[in-house]
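Dropping input07.pdb in here (PDB, C-alpha atoms):
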ATOM      1  CA  MET A   1     104.244 114.222  98.121
ATOM      2  CA  LEU A   2     107.640 113.089  96.957
ATOM      3  CA  SER A   3     108.940 114.451  93.674
ATOM      4  CA  SER A   4     109.022 112.221  90.595
ATOM      5  CA  ALA A   5     112.821 112.332  90.690
ATOM      6  CA  MET A   6     112.974 110.957  94.227
ATOM      7  CA  ASP A   7     110.180 108.510  93.398
ATOM      8  CA  SER A   8     112.347 107.132  90.590
ATOM      9  CA  ALA A   9     115.352 106.984  92.887
ATOM     10  CA  PHE A  10     113.405 104.789  95.292
ATOM     11  CA  GLU A  11     112.450 102.284  92.588
ATOM     12  CA  PRO A  12     115.620 100.133  92.789
ATOM     13  CA  LEU A  13     114.963  99.578  96.493
ATOM     14  CA  ARG A  14     111.626  97.854  96.001
ATOM     15  CA  GLY A  15     112.063  94.395  97.479
ATOM     16  CA  LYS A  16     115.125  95.524  99.487
ATOM     17  CA  VAL A  17     114.127  98.487 101.671
ATOM     18  CA  GLN A  18     110.362  98.949 101.686
ATOM     19  CA  ILE A  19     109.541 102.570 100.855
ATOM     20  CA  ILE A  20     106.207 104.331 101.377
ATOM     21  CA  ARG A  21     105.572 106.665  98.462
ATOM     22  CA  ASN A  22     101.805 107.116  98.219
ATOM     23  CA  GLU A  23      98.414 106.276  99.724
ATOM     24  CA  ASP A  24      98.411 102.884  98.006
ATOM     25  CA  ASP A  25     101.524 101.917  99.958
ATOM     26  CA  VAL A  26      99.803 102.938 103.193
ATOM     27  CA  ARG A  27      96.766 100.810 102.284
ATOM     28  CA  GLN A  28      99.041  97.880 101.473
ATOM     29  CA  GLY A  29     100.725  98.330 104.838
ATOM     30  CA  LEU A  30      97.410  98.399 106.699
ATOM     31  CA  GLU A  31      96.280  95.192 105.010
ATOM     32  CA  ALA A  32      99.544  93.528 105.976
ATOM     33  CA  LEU A  33      99.263  94.784 109.561
ATOM     34  CA  LEU A  34      95.800  93.297 109.936
ATOM     35  CA  ARG A  35      97.173  89.932 108.870
ATOM     36  CA  LEU A  36     100.128  90.270 111.252
ATOM     37  CA  ASP A  37      98.048  91.438 114.226
ATOM     38  CA  PRO A  38      94.233  91.021 114.067
ATOM     39  CA  ARG A  39      93.941  93.081 117.279
ATOM     40  CA  LEU A  40      94.432  96.138 115.105
ATOM     41  CA  ALA A  41      91.085  95.724 113.298
ATOM     42  CA  PRO A  42      88.981  97.845 115.713
ATOM     43  CA  ILE A  43      91.764 100.446 115.858
ATOM     44  CA  VAL A  44      91.782 100.719 112.051
ATOM     45  CA  ALA A  45      87.995 101.053 112.063
ATOM     46  CA  GLU A  46      88.051 103.882 114.608
ATOM     47  CA  ALA A  47      91.102 105.733 113.298
ATOM     48  CA  GLY A  48      89.583 106.727 109.973
ATOM     49  CA  ALA A  49      91.798 107.931 107.129
ATOM     50  CA  ILE A  50      95.540 107.452 107.648
ATOM     51  CA  PRO A  51      97.417 110.546 106.384
ATOM     52  CA  LEU A  52     100.433 109.999 104.148
ATOM     53  CA  ARG A  53     102.299 113.164 105.196
ATOM     54  CA  LEU A  54     105.484 112.926 103.143
ATOM     55  CA  ARG A  55     107.920 115.813 102.722
ATOM     56  CA  GLU A  56     110.860 116.091 100.349
ATOM     57  CA  PRO A  57     114.045 114.670 101.890
ATOM     58  CA  GLY A  58     116.867 117.105 102.500
ATOM     59  CA  PHE A  59     117.959 119.881 104.850
ATOM     60  CA  ALA A  60     114.616 121.700 104.949
ATOM     61  CA  GLY A  61     112.753 118.523 105.904
ATOM     62  CA  LEU A  62     115.113 117.695 108.762
ATOM     63  CA  ALA A  63     115.235 121.320 109.911
ATOM     64  CA  HIS A  64     111.435 121.476 110.045
ATOM     65  CA  ILE A  65     111.337 118.381 112.253
ATOM     66  CA  ILE A  66     113.864 119.909 114.649
ATOM     67  CA  VAL A  67     112.020 123.238 114.789
ATOM     68  CA  SER A  68     108.702 121.422 115.335
ATOM     69  CA  GLN A  69     109.941 120.096 118.692
ATOM     70  CA  MET A  70     108.446 123.055 120.526
ATOM     71  CA  VAL A  71     105.932 123.221 123.361
ATOM     72  CA  SER A  72     103.510 125.019 121.044
ATOM     73  CA  ARG A  73     102.893 124.116 117.421
ATOM     74  CA  ALA A  74     101.939 127.731 116.764
ATOM     75  CA  SER A  75     105.311 128.880 118.136
ATOM     76  CA  ALA A  76     107.143 126.325 116.013
ATOM     77  CA  GLU A  77     105.362 127.403 112.842
ATOM     78  CA  ALA A  78     106.022 131.088 113.608
ATOM     79  CA  ILE A  79     109.748 130.348 113.983
ATOM     80  CA  TRP A  80     109.717 128.320 110.778
ATOM     81  CA  ARG A  81     108.139 131.178 108.835
ATOM     82  CA  ARG A  82     110.847 133.548 110.082
ATOM     83  CA  MET A  83     113.542 131.074 109.033
ATOM     84  CA  LEU A  84     112.323 130.758 105.455
ATOM     85  CA  PRO A  85     114.083 133.022 102.933
ATOM     86  CA  ALA A  86     112.093 135.199 100.526
ATOM     87  CA  ASP A  87     111.916 132.447  97.905
ATOM     88  CA  GLY A  88     110.614 129.957 100.491
ATOM     89  CA  LEU A  89     113.490 127.524  99.881
ATOM     90  CA  LEU A  90     115.586 126.790 102.956
ATOM     91  CA  THR A  91     118.887 125.184 101.943
ATOM     92  CA  ALA A  92     121.872 124.013 103.942
ATOM     93  CA  GLU A  93     124.129 126.360 101.984
ATOM     94  CA  GLY A  94     121.888 129.337 102.698
ATOM     95  CA  TYR A  95     121.556 128.519 106.379
ATOM     96  CA  ALA A  96     125.307 128.074 106.777
ATOM     97  CA  LEU A  97     125.842 131.616 105.463
ATOM     98  CA  LEU A  98     123.507 133.295 107.993
ATOM     99  CA  HIS A  99     125.080 135.709 110.435
ATOM    100  CA  ALA A 100     126.005 134.367 113.865
ATOM    101  CA  GLU A 101     123.039 135.887 115.727
ATOM    102  CA  ALA A 102     120.319 134.978 113.209
ATOM    103  CA  TRP A 103     118.980 132.278 115.510
ATOM    104  CA  ARG A 104     117.963 134.927 118.050
ATOM    105  CA  GLU A 105     115.926 136.745 115.395
ATOM    106  CA  PHE A 106     114.195 133.489 114.460
ATOM    107  CA  GLY A 107     113.355 132.691 118.086
ATOM    108  CA  LEU A 108     115.323 129.437 118.156
ATOM    109  CA  SER A 109     116.947 128.087 121.286
ATOM    110  CA  ARG A 110     120.730 128.053 121.268
ATOM    111  CA  ALA A 111     120.747 124.232 121.329
ATOM    112  CA  LYS A 112     118.518 123.937 118.263
ATOM    113  CA  ALA A 113     120.467 126.634 116.461
ATOM    114  CA  GLU A 114     123.746 124.816 117.080
ATOM    115  CA  THR A 115     122.246 121.528 115.870
ATOM    116  CA  LEU A 116     120.934 123.141 112.689
ATOM    117  CA  SER A 117     124.293 124.798 112.054
ATOM    118  CA  ARG A 118     126.135 121.481 112.405
ATOM    119  CA  ILE A 119     123.717 119.792 110.004
ATOM    120  CA  ALA A 120     123.899 122.675 107.505
ATOM    121  CA  GLU A 121     127.696 122.620 107.523
ATOM    122  CA  ALA A 122     127.784 118.830 107.102
ATOM    123  CA  VAL A 123     125.346 118.949 104.178
ATOM    124  CA  ALA A 124     126.943 121.987 102.507
ATOM    125  CA  SER A 125     130.400 120.407 102.722
ATOM    126  CA  GLY A 126     129.176 117.128 101.233
ATOM    127  CA  ARG A 127     129.902 115.114 104.379
ATOM    128  CA  LEU A 128     126.206 114.339 104.805
ATOM    129  CA  ASP A 129     123.810 113.376 102.004
ATOM    130  CA  LEU A 130     120.319 113.583 103.493
ATOM    131  CA  SER A 131     118.608 112.411 100.318
ATOM    132  CA  GLY A 132     120.984 109.493  99.801
ATOM    133  CA  LEU A 133     120.557 108.581 103.446
ATOM    134  CA  CYS A 134     116.911 107.787 102.770
ATOM    135  CA  LEU A 135     117.962 105.028 100.378
ATOM    136  CA  LYS A 136     119.952 103.148 103.024
ATOM    137  CA  PRO A 137     118.613 100.463 105.395
ATOM    138  CA  PRO A 138     116.949 102.088 108.426
ATOM    139  CA  GLY A 139     119.540 100.918 110.949
ATOM    140  CA  GLU A 140     122.435 102.323 108.942
ATOM    141  CA  ALA A 141     120.622 105.588 108.213
ATOM    142  CA  LEU A 142     119.630 106.041 111.859
ATOM    143  CA  GLY A 143     123.214 105.473 112.930
ATOM    144  CA  GLU A 144     124.522 108.180 110.601
ATOM    145  CA  LEU A 145     121.902 110.693 111.660
ATOM    146  CA  THR A 146     122.274 110.167 115.399
ATOM    147  CA  ALA A 147     126.063 110.462 115.055
ATOM    148  CA  LEU A 148     125.409 114.191 114.576
ATOM    149  CA  LYS A 149     125.442 115.977 117.930
ATOM    150  CA  GLY A 150     121.933 117.198 118.742
ATOM    151  CA  VAL A 151     120.112 114.684 116.514
ATOM    152  CA  GLY A 152     118.458 112.124 118.753
ATOM    153  CA  PRO A 153     116.671 108.870 117.871
ATOM    154  CA  TRP A 154     113.220 110.518 117.688
ATOM    155  CA  THR A 155     114.407 113.160 115.219
ATOM    156  CA  ALA A 156     116.187 110.583 113.071
ATOM    157  CA  GLU A 157     113.246 108.167 113.085
ATOM    158  CA  VAL A 158     110.699 110.837 112.200
ATOM    159  CA  TYR A 159     112.947 112.081 109.383
ATOM    160  CA  LEU A 160     113.226 108.596 107.904
ATOM    161  CA  MET A 161     109.462 108.113 108.212
ATOM    162  CA  PHE A 162     108.185 111.400 106.843
ATOM    163  CA  CYS A 163     111.014 112.463 104.520
ATOM    164  CA  GLY A 164     112.564 109.132 103.581
ATOM    165  CA  GLY A 165     109.344 107.141 103.415
ATOM    166  CA  HIS A 166     110.857 104.200 105.309
ATOM    167  CA  ALA A 167     108.153 101.657 106.090
ATOM    168  CA  ASP A 168     109.744  99.896 109.056
ATOM    169  CA  VAL A 169     110.560 102.666 111.536
ATOM    170  CA  PHE A 170     108.713 103.108 114.832
ATOM    171  CA  PRO A 171     109.607 106.133 117.038
ATOM    172  CA  ALA A 172     108.959 104.410 120.351
ATOM    173  CA  GLY A 173     110.165 107.433 122.318
ATOM    174  CA  ASP A 174     107.289 109.578 121.048
ATOM    175  CA  VAL A 175     105.033 110.332 124.043
ATOM    176  CA  ALA A 176     101.916 110.792 121.903
ATOM    177  CA  LEU A 177     102.541 107.425 120.295
ATOM    178  CA  GLN A 178     103.017 105.814 123.697
ATOM    179  CA  ASN A 179      99.717 107.306 124.849
ATOM    180  CA  ALA A 180      98.006 106.147 121.668
ATOM    181  CA  VAL A 181      99.117 102.519 122.032
ATOM    182  CA  GLY A 182      98.260 102.532 125.729
ATOM    183  CA  ALA A 183      94.762 103.860 125.049
ATOM    184  CA  ALA A 184      94.156 101.548 122.091
ATOM    185  CA  PHE A 185      95.067  98.410 124.040
ATOM    186  CA  GLY A 186      93.586  99.527 127.351
ATOM    187  CA  LEU A 187      96.906  99.374 129.187
ATOM    188  CA  ALA A 188      96.961 100.424 132.840
ATOM    189  CA  ALA A 189      99.969 102.705 132.260
ATOM    190  CA  ARG A 190     101.516 104.448 129.281
ATOM    191  CA  PRO A 191     104.120 102.066 127.815
ATOM    192  CA  GLN A 192     107.660 103.404 127.967
ATOM    193  CA  ALA A 193     109.981 103.345 124.959
ATOM    194  CA  LYS A 194     111.573  99.971 125.723
ATOM    195  CA  THR A 195     108.178  98.314 126.130
ATOM    196  CA  LEU A 196     106.864  99.942 122.970
ATOM    197  CA  VAL A 197     109.854  98.682 120.976
ATOM    198  CA  GLU A 198     108.935  95.163 122.076
ATOM    199  CA  LEU A 199     105.220  95.659 121.344
ATOM    200  CA  SER A 200     105.919  97.070 117.879
ATOM    201  CA  ALA A 201     108.129  94.157 116.780
ATOM    202  CA  VAL A 202     105.092  92.201 115.597
ATOM    203  CA  TRP A 203     104.231  94.999 113.120
ATOM    204  CA  SER A 204     107.504  94.738 111.199
ATOM    205  CA  PRO A 205     108.099  95.358 108.286
ATOM    206  CA  TRP A 206     105.267  97.943 108.366
ATOM    207  CA  ARG A 207     105.957  99.689 111.654
ATOM    208  CA  SER A 208     105.829 103.148 110.071
ATOM    209  CA  VAL A 209     102.279 102.466 108.942
ATOM    210  CA  ALA A 210     101.477 101.189 112.430
ATOM    211  CA  ALA A 211     102.782 104.472 113.861
ATOM    212  CA  ARG A 212     100.638 106.446 111.418
ATOM    213  CA  LEU A 213      97.663 104.309 112.451
ATOM    214  CA  PHE A 214      98.099 104.934 116.173
ATOM    215  CA  TRP A 215      98.630 108.675 115.686
ATOM    216  CA  ALA A 216      95.448 108.821 113.612
ATOM    217  CA  TYR A 217      93.600 106.751 116.218
ATOM    218  CA  TYR A 218      94.675 109.032 119.035
ATOM    219  CA  ALA A 219      93.860 112.139 116.992
ATOM    220  CA  THR A 220      90.330 110.768 116.616
ATOM    221  CA  LYS A 221      90.060 110.002 120.320
ATOM    222  CA  MET A 222      91.556 113.309 121.473
ATOM    223  CA  ARG A 223      90.128 115.452 118.664
ATOM    224  CA  ARG A 224      93.522 116.937 117.910
ATOM    225  CA  ASP A 225      96.392 116.187 115.546
ATOM    226  CA  MET A 226      99.005 113.983 117.227
ATOM    227  CA  VAL A 227     101.318 113.535 114.245
ATOM    228  CA  PRO A 228     104.719 115.140 114.964
ATOM    229  CA  ILE A 229     104.947 116.981 111.623
ATOM    230  CA  GLY A 230     102.321 118.178 109.193
TER     231      GLY A 230
END

In structure tokens, what does this structure look like?
Amino acid sequence: MLSSAMDSAFEPLRGKVQIIRNEDDVRQGLEALLRLDPRLAPIVAEAGAIPLRLREPGFAGLAHIIVSQMVSRASAEAIWRRMLPADGLLTAEGYALLHAEAWREFGLSRAKAETLSRIAEAVASGRLDLSGLCLKPPGEALGELTALKGVGPWTAEVYLMFCGGHADVFPAGDVALQNAVGAAFGLAARPQAKTLVELSAVWSPWRSVAARLFWAYYATKMRRDMVPIG
């Protein structure tokens, strides 16, 4: 759940950039989606509860998303636990001060370690404001995030969804999401990212709720959690 301070910061954006802050916003989004696309009704009925899954914006939130991109969720969570300092608060300043070989002790790949170091240095120096980024329009925020070497569209989109609360972001490159939409609509083949971008256009300005819906639907069908972060 977002803190009250960040919740207050989002308030001026109501009516400008739609922000998801609580379960009521998700319900509002689902109601709007059913009006936009009645085909979603049976999917909503089968998906069950749609998890909110919001984390605080900032370095720790983005770092967790990057670490979560592992073959095994258990491996990712083990690495994350090793990365957390004794007080449990991972900050950009603290990460930037780690010794050069700390990533090996954590179990990170060199590529992920270099990405995290670049982000930590940018945040610690003030060149990147990850909380302020969440208050910008999605296109602008995505552009700033993906300008960082090692931060791809999926990482940026998931950060804006689950840390920024942006309501109109759809990570079309997510394979689980592609499988979910393909299964829900009975498509002969899993839709690729470009196709999914086109399919998701009808769900704007609630595409983030649509993504949550399809992940929940596929989790129900596959009996496992398909959401990229917990």

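Applied to the file shown here, the PyMOL selection byres ((chain A and resi 19-23) around 7) selects Leu2, Val17, Gln18, Asp24, Asp25, Val26, Arg27, Leu52, Gly165, His166 and Ala167 of chain A.
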
Decode the PyMOL selection byres ((chain A and resi 208-222) around 8) for the given file into explicit residues and return them as a VMD selection string. chain A and resid 26 29 to 30 33 43 to 44 46 to 51 161 166 to 171 176 to 177 179 to 181 183 to 184 203 206 to 207 223 to 227

Pairwise distance, atom CA of Glu198 of chain A with atom CA of Leu34 of chain A, equals 18.0 Å

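Closest to Ala141 of chain A among A:Gly126, A:His64, A:Ala120, A:Gly164 is A:Gly164, based on only C-alpha atoms.
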
Do you know which residues the PyMOL selection byres ((chain A and resi 103) around 10) returns on this file, as a ChimeraX atom specification? /A:79,82-83,98-102,104-110,112-114,116-117

So, counting all atoms listed in the file, which residue among A:Pro137, A:Pro191, A:Gly143, A:Gly186 is closest to Arg39 of chain A? A:Gly186

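Take the candidates A:Val123, A:Ala201, A:Ala172, A:Ala86 and check each one against Pro153 of chain A using all atoms listed in the file; the shortest distance goes to A:Ala172.
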
Hey, can I get the axis-aligned box for segment 201-220 of chain A? All listed atoms, 4 Å padding on each side, centre and edge lengths in Å to one decimal, as JSON.
{"center_x": 99.2, "center_y": 102.2, "center_z": 113.7, "size_x": 25.8, "size_y": 27.9, "size_z": 18.7}

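Nearest residue to Phe185 of chain A among A:Leu148, A:Leu199, A:Met70, A:Gly88 is A:Leu199, counting only C-alpha atoms.
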
Rounded to one decimal place, report the atom CA of Ala32 of chain A-atom CA of Ser200 of chain A distance in Å. 14.0 Å

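Atom CA of Ile65 of chain A lies 20.4 Å from atom CA of Arg127 of chain A.
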
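Once Gly61 of chain A and its same-chain neighbours fewer than 2 positions away are set aside, Leu54, Arg55, Glu56, Pro57, Gly58, Phe59, Ala63, His64, Ile65, Ile66, Leu90, Thr91, Leu130, Tyr159, Phe162, Cys163, Gly164 and Ile229 of chain A remain within 10 Å of it when counting all atoms listed in the file.
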
Go ahead and write the residues just picked, C-alpha atoms, as a compact mmCIF listing (two decimals), keeping the file's coordinate frame.
# COMPACT_ATOMS: atom_id res chain seq x y z
CA LEU A 54 105.48 112.93 103.14
CA ARG A 55 107.92 115.81 102.72
CA GLU A 56 110.86 116.09 100.35
CA PRO A 57 114.04 114.67 101.89
CA GLY A 58 116.87 117.10 102.50
CA PHE A 59 117.96 119.88 104.85
CA ALA A 63 115.24 121.32 109.91
CA HIS A 64 111.44 121.48 110.04
CA ILE A 65 111.34 118.38 112.25
CA ILE A 66 113.86 119.91 114.65
CA LEU A 90 115.59 126.79 102.96
CA THR A 91 118.89 125.18 101.94
CA LEU A 130 120.32 113.58 103.49
CA TYR A 159 112.95 112.08 109.38
CA PHE A 162 108.18 111.40 106.84
CA CYS A 163 111.01 112.46 104.52
CA GLY A 164 112.56 109.13 103.58
CA ILE A 229 104.95 116.98 111.62

Compare A:Glu144, A:Glu31, A:Asp174, A:Glu157 by their minimum atom-to-atom distance to Gln192 of chain A, counting all atoms listed in the file, and give me the closest one. A:Asp174

Is it possible to produce a file of segment 110-128 of chain A from this structure, with C-alpha atoms, as a short mmCIF file (atom, residue, chain, number, x, y, z; two decimals), in the first residue's frame?
data_model
loop_
_atom_site.label_atom_id
_atom_site.label_comp_id
_atom_site.auth_asym_id
_atom_site.auth_seq_id
_atom_site.Cartn_x
_atom_site.Cartn_y
_atom_site.Cartn_z
CA ARG A 110 27.04 -8.87 -13.74
CA ALA A 111 24.50 -7.24 -16.08
CA LYS A 112 21.92 -6.76 -13.33
CA ALA A 113 24.57 -5.54 -10.92
CA GLU A 114 25.76 -2.93 -13.41
CA THR A 115 22.18 -1.78 -14.04
CA LEU A 116 21.49 -1.44 -10.32
CA SER A 117 24.73 0.47 -9.81
CA ARG A 118 23.85 2.93 -12.59
CA ILE A 119 20.39 3.49 -11.11
CA ALA A 120 21.76 3.87 -7.57
CA GLU A 121 24.33 6.43 -8.70
CA ALA A 122 21.72 8.38 -10.68
CA VAL A 123 19.32 8.46 -7.72
CA ALA A 124 21.99 9.22 -5.11
CA SER A 125 23.36 12.09 -7.20
CA GLY A 126 19.89 13.59 -7.70
CA ARG A 127 19.91 13.05 -11.47
CA LEU A 128 16.98 10.65 -11.20
#
